[in-house]
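What follows is the content of input08.pdb, which has PDB, C-alpha atoms:
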```pdb
ATOM      1  CA  TYR G   8      62.971 143.427 106.954
ATOM      2  CA  PHE G   9      65.169 144.349 104.017
ATOM      3  CA  PRO G  10      65.136 144.067 100.221
ATOM      4  CA  LEU G  11      66.735 141.034  98.618
ATOM      5  CA  SER G  12      69.196 140.977  95.753
ATOM      6  CA  VAL G  13      68.686 137.929  93.567
ATOM      7  CA  GLN G  14      70.829 136.805  90.656
ATOM      8  CA  VAL G  15      70.451 133.824  88.353
ATOM      9  CA  GLU G  16      73.254 132.113  86.470
ATOM     10  CA  ASP G  17      73.057 131.955  82.687
ATOM     11  CA  GLU G  18      73.773 128.295  82.027
ATOM     12  CA  ASP G  19      75.511 128.991  78.699
ATOM     13  CA  SER G  20      77.887 131.761  79.760
ATOM     14  CA  GLU G  21      77.827 131.217  83.555
ATOM     15  CA  ASP G  22      77.350 134.989  83.873
ATOM     16  CA  LEU G  23      75.000 136.224  86.575
ATOM     17  CA  TYR G  24      72.124 138.574  85.907
ATOM     18  CA  ASN G  25      69.756 140.292  88.307
ATOM     19  CA  VAL G  26      66.147 139.221  88.666
ATOM     20  CA  SER G  27      63.462 140.978  90.651
ATOM     21  CA  SER G  28      62.509 139.640  94.052
ATOM     22  CA  ASP G  29      58.873 139.487  92.990
ATOM     23  CA  SER G  30      59.828 136.987  90.263
ATOM     24  CA  VAL G  31      61.170 134.530  92.856
ATOM     25  CA  ARG G  32      58.375 134.868  95.415
ATOM     26  CA  TRP G  33      56.979 131.575  94.115
ATOM     27  CA  PHE G  34      60.112 129.922  95.499
ATOM     28  CA  GLU G  35      59.757 131.324  99.014
ATOM     29  CA  ASP G  36      59.587 127.875 100.641
ATOM     30  CA  GLU G  37      62.611 126.540  98.738
ATOM     31  CA  ILE G  38      64.678 129.636  99.491
ATOM     32  CA  GLN G  39      63.681 129.480 103.168
ATOM     33  CA  GLU G  40      64.678 125.814 103.265
ATOM     34  CA  ALA G  41      68.127 126.677 101.868
ATOM     35  CA  ILE G  42      68.485 129.440 104.472
ATOM     36  CA  ASP G  43      67.430 127.080 107.262
ATOM     37  CA  ASP G  44      69.936 124.453 106.123
ATOM     38  CA  TYR G  45      72.727 127.024 105.965
ATOM     39  CA  GLN G  46      72.031 128.573 109.367
ATOM     40  CA  SER G  47      71.372 125.295 111.185
ATOM     41  CA  ASP G  48      74.845 125.347 112.760
ATOM     42  CA  ILE G  49      75.080 129.117 113.252
ATOM     43  CA  GLU G  50      73.979 130.719 116.508
ATOM     44  CA  MET G  51      73.547 134.180 115.003
ATOM     45  CA  GLU G  52      72.428 135.703 118.310
ATOM     46  CA  LYS G  53      76.000 135.267 119.573
ATOM     47  CA  TYR G  54      77.313 137.499 116.776
ATOM     48  CA  LEU G  55      74.790 140.341 117.037
ATOM     49  CA  CYS G  56      75.696 143.158 119.428
ATOM     50  CA  ASP G  57      78.163 140.864 121.189
ATOM     51  CA  ASP G  58      79.764 143.972 122.731
ATOM     52  CA  ASN G  59      76.498 145.062 124.382
ATOM     53  CA  ASP G  60      75.623 143.031 127.485
ATOM     54  CA  ALA G  61      72.175 144.638 127.828
ATOM     55  CA  ILE G  62      71.170 143.498 124.332
ATOM     56  CA  GLN G  63      72.757 140.084 124.793
ATOM     57  CA  ARG G  64      70.683 139.533 127.968
ATOM     58  CA  LYS G  65      67.493 140.322 126.014
ATOM     59  CA  LEU G  66      68.304 138.323 122.875
ATOM     60  CA  ILE G  67      67.164 134.689 122.826
ATOM     61  CA  SER G  68      67.563 133.873 119.126
ATOM     62  CA  ALA G  69      68.101 135.449 115.708
ATOM     63  CA  GLU G  70      67.029 133.692 112.521
ATOM     64  CA  TRP G  71      67.412 134.733 108.890
ATOM     65  CA  GLY G  72      64.482 134.211 106.574
ATOM     66  CA  VAL G  73      62.368 135.433 103.704
ATOM     67  CA  GLU G  74      58.751 136.505 103.531
ATOM     68  CA  THR G  75      56.423 137.550 100.738
ATOM     69  CA  LEU G  76      54.748 140.866 101.476
ATOM     70  CA  ASN G  77      52.436 142.589  98.994
ATOM     71  CA  GLY G  78      53.665 140.295  96.208
ATOM     72  CA  GLU G  79      57.388 140.806  96.736
ATOM     73  CA  LEU G  80      59.907 138.591  98.510
ATOM     74  CA  TYR G  81      61.838 140.351 101.289
ATOM     75  CA  GLY G  82      64.581 139.215 103.610
ATOM     76  CA  ARG G  83      63.994 139.304 107.332
ATOM     77  CA  MET G  84      65.773 138.724 110.592
ATOM     78  CA  LYS G  85      63.471 137.288 113.238
ATOM     79  CA  LEU G  86      64.632 138.228 116.708
ATOM     80  CA  THR G  87      63.221 136.469 119.742
ATOM     81  CA  LEU G  88      63.643 138.694 122.778
ATOM     82  CA  LYS G  89      63.029 138.391 126.513
ATOM     83  CA  GLU G  90      61.970 142.044 126.523
ATOM     84  CA  PRO G  91      61.790 144.841 123.937
ATOM     85  CA  LEU G  92      64.885 146.712 122.849
ATOM     86  CA  THR G  93      65.183 150.406 123.649
ATOM     87  CA  VAL G  94      65.314 152.912 120.786
ATOM     88  CA  GLU G  95      69.105 153.066 121.107
ATOM     89  CA  GLU G  96      69.410 149.274 121.207
ATOM     90  CA  THR G  97      67.165 148.980 118.161
ATOM     91  CA  GLU G  98      69.460 151.319 116.232
ATOM     92  CA  GLN G  99      72.516 149.337 117.310
ATOM     93  CA  MET G 100      70.786 146.098 116.262
ATOM     94  CA  ARG G 101      69.861 147.641 112.893
ATOM     95  CA  GLY G 102      73.538 148.392 112.321
ATOM     96  CA  GLU G 103      74.545 144.869 113.333
ATOM     97  CA  VAL G 104      71.964 143.257 111.031
ATOM     98  CA  THR G 105      73.099 145.490 108.171
ATOM     99  CA  GLY G 106      76.704 144.470 108.812
ATOM    100  CA  GLN G 107      75.858 140.773 108.877
ATOM    101  CA  ALA G 108      73.768 141.130 105.708
ATOM    102  CA  SER G 109      76.608 142.920 103.903
ATOM    103  CA  ASP G 110      79.020 140.169 104.978
ATOM    104  CA  GLY G 111      76.821 137.656 103.202
ATOM    105  CA  PHE G 112      75.154 136.203 106.322
ATOM    106  CA  GLY G 113      77.539 133.737 107.822
ATOM    107  CA  GLU G 114      80.182 135.165 105.484
ATOM    108  CA  SER G 115      79.115 133.243 102.393
ATOM    109  CA  PHE G 116      75.441 132.294 102.046
ATOM    110  CA  GLU G 117      75.087 134.465  98.946
ATOM    111  CA  GLN G 118      77.925 132.524  97.283
ATOM    112  CA  HIS G 119      76.029 129.219  97.474
ATOM    113  CA  PRO G 120      73.554 128.733  94.641
ATOM    114  CA  ILE G 121      70.008 127.563  95.252
ATOM    115  CA  THR G 122      68.785 125.392  92.380
ATOM    116  CA  LEU G 123      65.217 126.281  91.405
ATOM    117  CA  ASP G 124      63.604 124.959  88.241
ATOM    118  CA  ASP G 125      67.014 123.741  87.005
ATOM    119  CA  GLU G 126      68.542 127.222  87.346
ATOM    120  CA  LYS G 127      71.073 128.445  89.894
ATOM    121  CA  TYR G 128      69.911 131.418  91.986
ATOM    122  CA  TYR G 129      72.079 133.454  94.328
ATOM    123  CA  VAL G 130      70.207 135.264  97.100
ATOM    124  CA  SER G 131      71.762 138.130  99.022
ATOM    125  CA  PHE G 132      70.334 140.005 101.982
ATOM    126  CA  TRP G 133      72.217 143.161 101.052
ATOM    127  CA  ASN G 134      72.863 145.563  98.220
ATOM    128  CA  SER G 135      74.808 148.789  97.955
ATOM    129  CA  GLY G 136      71.994 150.782  96.388
ATOM    130  CA  ASP G 137      70.330 153.874  97.780
ATOM    131  CA  ASP G 138      67.104 151.888  98.107
ATOM    132  CA  TYR G 139      68.502 149.487 100.740
ATOM    133  CA  PHE G 140      66.926 149.564 104.193
ATOM    134  CA  VAL G 141      66.591 147.547 107.381
ATOM    135  CA  TYR G 142      63.139 148.074 108.916
ATOM    136  CA  THR G 143      61.464 146.808 112.048
ATOM    137  CA  ALA G 144      58.078 145.108 111.567
ATOM    138  CA  ASP G 145      56.282 148.369 112.390
ATOM    139  CA  GLU G 146      58.470 150.360 109.984
ATOM    140  CA  MET G 147      57.914 147.760 107.262
ATOM    141  CA  ASP G 148      54.165 147.933 107.781
ATOM    142  CA  GLU G 149      54.334 151.712 107.376
ATOM    143  CA  TYR G 150      56.560 151.401 104.287
ATOM    144  CA  LEU G 151      54.182 148.929 102.637
ATOM    145  CA  SER G 152      51.211 151.121 103.527
ATOM    146  CA  GLN G 153      52.885 154.034 101.773
ATOM    147  CA  GLN G 154      53.711 151.867  98.739
ATOM    148  CA  THR G 155      50.286 150.328  98.228
ATOM    149  CA  GLY G 156      47.948 151.785 100.768
ATOM    150  CA  GLN G 157      47.924 148.436 102.614
ATOM    151  CA  GLY G 158      50.360 147.108 105.195
ATOM    152  CA  PHE G 159      51.065 143.485 105.931
ATOM    153  CA  SER G 160      49.623 143.321 109.457
ATOM    154  CA  GLY G 161      46.093 143.223 108.077
ATOM    155  CA  MET G 162      46.747 140.618 105.423
TER     156      MET G 162
END
```
Taking this structure as input, can you express it in the form of C-alpha cells?
Amino acid sequence: YFPLSVQVEDEDSEDLYNVSSDSVRWFEDEIQEAIDDYQSDIEMEKYLCDDNDAIQRKLISAEWGVETLNGELYGRMKLTLKEPLTVEETEQMRGEVTGQASDGFGESFEQHPITLDDEKYYVSFWNSGDDYFVYTADEMDEYLSQQTGQGFSGM
C-alpha cells in the first residue's frame, strides 16, 4: 500500500492542481477500471526483482490497484506468491515497487488522464514527499490503527 497523488486539470487554464485522495474515493471503481485497462498488456511480475531468481520463483502475478481504507483512497500492489517472501526479499520487493511507482507504473500511467464527472484526473502511485511509504498489508493495518485506532482487517 502507498499514498496516491491525484491532480485534476483546470479546464480553463489546463493547469493541474492537487486534490486529496479522500476526495476521489467515490471514483474508486472508475480509477481501478482505468488501471486494469492500462495494465492489461503488462506482465508486471516480470519486471519486479528480475535479478533475483528466488523471488521470481515465488512470484506468480503483480497487479496495480486502488483501495479505500478508512475513507481514503490508497494505491496498492497485489502480489500473488507461491510462498511468502523472506524479510530480505520483502525489502527488495519494497524497493522495486517504489521504483516502478516513481517511474509512473509502466512508465506513463500517470500521464494518461482519467475522465471523471467531465474533469480530467491524473493519478500517480508516487510522490517525492516525506510522507511517502510502501507498506505491506500488515504494516498498513498497523499504520491505520495508529491513525484512527482501527485497522482495515476488521472492517
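Using only C-alpha atoms, the smallest distance between any of G:Tyr142, G:Arg32, G:Tyr150, G:Leu11 and Gly102 (chain G) comes from G:Tyr142.
For the set G:Met147, G:Val94, G:Leu55, G:Leu80, the residue with the smallest atom-to-atom gap to Val130 (chain G) is G:Leu80, counting all atoms listed in the file.
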Dump as a PyMOL selection string all residues having an atom at most 12 Å from (72.1, 143.9, 100.5), computed in the file's coordinates with only C-alpha atoms. chain G and resi 8-13+81-83+104-112+117+130-141
Quick check on the file I pasted: which residues fall under the PyMOL selection byres ((chain G and resi 68-73) around 6)? Write them as number ranges by chain. G: 39, 51-52, 66-67, 74, 81-87
Between CA of Cys56 (chain G) and CA of Arg101 (chain G) - distance in Å to one decimal: 9.8 Å
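Across the structure, CA of Glu79 (chain G) and CA of Asp48 (chain G) are spaced 28.3 Å apart.
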Shell of 10 Å around region 22-25 of chain G, only C-alpha atoms, local chain residues under 2 positions omitted, as a PyMOL selection string: chain G and resi 12-20+27-28+127-129
Just-selected residues, C-alpha atoms written as an mmCIF file, keeping the file's coordinate frame:
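again-v9.cif was written with the following content:
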```
data_model
loop_
_atom_site.group_PDB
_atom_site.id
_atom_site.type_symbol
_atom_site.label_atom_id
_atom_site.label_comp_id
_atom_site.auth_asym_id
_atom_site.auth_seq_id
_atom_site.Cartn_x
_atom_site.Cartn_y
_atom_site.Cartn_z
ATOM 1 C CA SER G 12 69.196 140.977 95.753
ATOM 2 C CA VAL G 13 68.686 137.929 93.567
ATOM 3 C CA GLN G 14 70.829 136.805 90.656
ATOM 4 C CA VAL G 15 70.451 133.824 88.353
ATOM 5 C CA GLU G 16 73.254 132.113 86.470
ATOM 6 C CA ASP G 17 73.057 131.955 82.687
ATOM 7 C CA GLU G 18 73.773 128.295 82.027
ATOM 8 C CA ASP G 19 75.511 128.991 78.699
ATOM 9 C CA SER G 20 77.887 131.761 79.760
ATOM 10 C CA SER G 27 63.462 140.978 90.651
ATOM 11 C CA SER G 28 62.509 139.640 94.052
ATOM 12 C CA LYS G 127 71.073 128.445 89.894
ATOM 13 C CA TYR G 128 69.911 131.418 91.986
ATOM 14 C CA TYR G 129 72.079 133.454 94.328
#
```
Give me, as a PyMOL selection string, all polymer residues having an atom no more than 9 Å from Ile38 (chain G), counting all atoms listed in the file and skipping those fewer than 3 positions away in the same chain. chain G and resi 31+34-35+41-43+72-73+121+123+130
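Between CA of Glu90 (chain G) and CA of Glu50 (chain G) the separation is 19.3 Å.
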For region 130-136 of chain G, I'd like the enclosing box, axis-aligned and padded by 6 Å on every side, reported as lines of an AutoDock Vina configuration file with centre and edge lengths in Å to one decimal.
```
center_x = 72.5
center_y = 143.0
center_z = 99.2
size_x = 16.6
size_y = 27.5
size_z = 17.6
```
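Checking G:Ile49, G:Leu92, G:Leu151, G:Val26 one by one against Gln63 (chain G), counting all atoms listed in the file, you find the shortest gap at G:Leu92.
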Closest of G:Glu98, G:Leu76, G:Ser115, G:Ile62 to Gln46 (chain G), counting all atoms listed in the file, is G:Ser115
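Among G:Thr122, G:Asn59, G:Thr155, G:Thr93, the residue with the shortest atom-to-atom distance to Glu40 (chain G), counting all atoms listed in the file, is G:Thr122.
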Return region 89-100 of chain G, completed with all heavy atoms, as a PDB file, keeping the file's coordinate frame.
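That gives us selection.pdb:
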```pdb
ATOM      1  N   LYS G  89      63.634 138.517 125.188  1.00  0.00           N
ATOM      2  CA  LYS G  89      63.029 138.391 126.513  1.00  0.00           C
ATOM      3  C   LYS G  89      62.223 139.634 126.858  1.00  0.00           C
ATOM      4  O   LYS G  89      61.248 139.567 127.600  1.00  0.00           O
ATOM      5  CB  LYS G  89      64.110 138.184 127.578  1.00  0.00           C
ATOM      6  CG  LYS G  89      64.838 136.876 127.450  1.00  0.00           C
ATOM      7  CD  LYS G  89      65.947 136.770 128.476  1.00  0.00           C
ATOM      8  CE  LYS G  89      66.767 135.529 128.234  1.00  0.00           C
ATOM      9  NZ  LYS G  89      67.952 135.471 129.091  1.00  0.00           N
ATOM     10  N   GLU G  90      62.663 140.773 126.330  1.00  0.00           N
ATOM     11  CA  GLU G  90      61.970 142.044 126.523  1.00  0.00           C
ATOM     12  C   GLU G  90      62.346 142.958 125.365  1.00  0.00           C
ATOM     13  O   GLU G  90      63.359 142.746 124.701  1.00  0.00           O
ATOM     14  CB  GLU G  90      62.325 142.679 127.874  1.00  0.00           C
ATOM     15  CG  GLU G  90      63.798 142.981 128.044  1.00  0.00           C
ATOM     16  CD  GLU G  90      64.132 143.512 129.428  1.00  0.00           C
ATOM     17  OE1 GLU G  90      64.074 144.748 129.614  1.00  0.00           O
ATOM     18  OE2 GLU G  90      64.450 142.688 130.297  1.00  0.00           O
ATOM     19  N   PRO G  91      61.520 143.966 125.077  1.00  0.00           N
ATOM     20  CA  PRO G  91      61.790 144.841 123.937  1.00  0.00           C
ATOM     21  C   PRO G  91      63.116 145.591 124.057  1.00  0.00           C
ATOM     22  O   PRO G  91      63.580 145.884 125.165  1.00  0.00           O
ATOM     23  CB  PRO G  91      60.614 145.831 123.954  1.00  0.00           C
ATOM     24  CG  PRO G  91      59.558 145.183 124.777  1.00  0.00           C
ATOM     25  CD  PRO G  91      60.279 144.315 125.772  1.00  0.00           C
ATOM     26  N   LEU G  92      63.675 145.889 122.899  1.00  0.00           N
ATOM     27  CA  LEU G  92      64.885 146.712 122.849  1.00  0.00           C
ATOM     28  C   LEU G  92      64.499 148.179 123.010  1.00  0.00           C
ATOM     29  O   LEU G  92      63.419 148.602 122.591  1.00  0.00           O
ATOM     30  CB  LEU G  92      65.605 146.518 121.519  1.00  0.00           C
ATOM     31  CG  LEU G  92      66.102 145.116 121.185  1.00  0.00           C
ATOM     32  CD1 LEU G  92      66.690 145.085 119.780  1.00  0.00           C
ATOM     33  CD2 LEU G  92      67.113 144.628 122.213  1.00  0.00           C
ATOM     34  N   THR G  93      65.390 148.962 123.589  1.00  0.00           N
ATOM     35  CA  THR G  93      65.183 150.406 123.649  1.00  0.00           C
ATOM     36  C   THR G  93      65.398 150.978 122.244  1.00  0.00           C
ATOM     37  O   THR G  93      65.876 150.284 121.337  1.00  0.00           O
ATOM     38  CB  THR G  93      66.182 151.066 124.623  1.00  0.00           C
ATOM     39  OG1 THR G  93      67.507 150.909 124.079  1.00  0.00           O
ATOM     40  CG2 THR G  93      66.093 150.467 126.016  1.00  0.00           C
ATOM     41  N   VAL G  94      65.092 152.252 122.077  1.00  0.00           N
ATOM     42  CA  VAL G  94      65.314 152.912 120.786  1.00  0.00           C
ATOM     43  C   VAL G  94      66.794 152.841 120.410  1.00  0.00           C
ATOM     44  O   VAL G  94      67.144 152.518 119.269  1.00  0.00           O
ATOM     45  CB  VAL G  94      64.824 154.383 120.839  1.00  0.00           C
ATOM     46  CG1 VAL G  94      65.242 155.137 119.587  1.00  0.00           C
ATOM     47  CG2 VAL G  94      63.314 154.435 121.023  1.00  0.00           C
ATOM     48  N   GLU G  95      67.674 153.097 121.372  1.00  0.00           N
ATOM     49  CA  GLU G  95      69.105 153.066 121.107  1.00  0.00           C
ATOM     50  C   GLU G  95      69.567 151.647 120.760  1.00  0.00           C
ATOM     51  O   GLU G  95      70.386 151.450 119.853  1.00  0.00           O
ATOM     52  CB  GLU G  95      69.900 153.592 122.314  1.00  0.00           C
ATOM     53  CG  GLU G  95      69.690 155.060 122.612  1.00  0.00           C
ATOM     54  CD  GLU G  95      68.401 155.347 123.405  1.00  0.00           C
ATOM     55  OE1 GLU G  95      67.804 154.411 123.987  1.00  0.00           O
ATOM     56  OE2 GLU G  95      67.988 156.517 123.422  1.00  0.00           O
ATOM     57  N   GLU G  96      69.053 150.659 121.481  1.00  0.00           N
ATOM     58  CA  GLU G  96      69.410 149.274 121.207  1.00  0.00           C
ATOM     59  C   GLU G  96      68.897 148.833 119.839  1.00  0.00           C
ATOM     60  O   GLU G  96      69.585 148.099 119.123  1.00  0.00           O
ATOM     61  CB  GLU G  96      68.851 148.359 122.305  1.00  0.00           C
ATOM     62  CG  GLU G  96      69.532 148.536 123.646  1.00  0.00           C
ATOM     63  CD  GLU G  96      68.799 147.859 124.788  1.00  0.00           C
ATOM     64  OE1 GLU G  96      67.600 147.528 124.645  1.00  0.00           O
ATOM     65  OE2 GLU G  96      69.424 147.665 125.841  1.00  0.00           O
ATOM     66  N   THR G  97      67.718 149.302 119.480  1.00  0.00           N
ATOM     67  CA  THR G  97      67.165 148.980 118.161  1.00  0.00           C
ATOM     68  C   THR G  97      68.069 149.521 117.064  1.00  0.00           C
ATOM     69  O   THR G  97      68.336 148.832 116.074  1.00  0.00           O
ATOM     70  CB  THR G  97      65.730 149.538 118.011  1.00  0.00           C
ATOM     71  OG1 THR G  97      64.889 148.924 118.993  1.00  0.00           O
ATOM     72  CG2 THR G  97      65.173 149.270 116.616  1.00  0.00           C
ATOM     73  N   GLU G  98      68.563 150.727 117.229  1.00  0.00           N
ATOM     74  CA  GLU G  98      69.460 151.319 116.232  1.00  0.00           C
ATOM     75  C   GLU G  98      70.776 150.552 116.162  1.00  0.00           C
ATOM     76  O   GLU G  98      71.313 150.331 115.074  1.00  0.00           O
ATOM     77  CB  GLU G  98      69.686 152.803 116.499  1.00  0.00           C
ATOM     78  CG  GLU G  98      68.466 153.649 116.209  1.00  0.00           C
ATOM     79  CD  GLU G  98      67.869 153.386 114.829  1.00  0.00           C
ATOM     80  OE1 GLU G  98      68.596 153.412 113.816  1.00  0.00           O
ATOM     81  OE2 GLU G  98      66.641 153.136 114.757  1.00  0.00           O
ATOM     82  N   GLN G  99      71.287 150.132 117.321  1.00  0.00           N
ATOM     83  CA  GLN G  99      72.516 149.337 117.310  1.00  0.00           C
ATOM     84  C   GLN G  99      72.258 147.998 116.612  1.00  0.00           C
ATOM     85  O   GLN G  99      73.078 147.545 115.805  1.00  0.00           O
ATOM     86  CB  GLN G  99      73.053 149.103 118.719  1.00  0.00           C
ATOM     87  CG  GLN G  99      74.366 148.345 118.684  1.00  0.00           C
ATOM     88  CD  GLN G  99      75.004 148.148 120.048  1.00  0.00           C
ATOM     89  OE1 GLN G  99      74.536 148.651 121.065  1.00  0.00           O
ATOM     90  NE2 GLN G  99      76.096 147.404 120.074  1.00  0.00           N
ATOM     91  N   MET G 100      71.129 147.380 116.898  1.00  0.00           N
ATOM     92  CA  MET G 100      70.786 146.098 116.262  1.00  0.00           C
ATOM     93  C   MET G 100      70.630 146.275 114.752  1.00  0.00           C
ATOM     94  O   MET G 100      71.076 145.432 113.977  1.00  0.00           O
ATOM     95  CB  MET G 100      69.518 145.519 116.876  1.00  0.00           C
ATOM     96  CG  MET G 100      69.123 144.172 116.308  1.00  0.00           C
ATOM     97  SD  MET G 100      70.351 142.867 116.596  1.00  0.00           S
ATOM     98  CE  MET G 100      70.093 142.563 118.335  1.00  0.00           C
TER      99      MET G 100
END
```
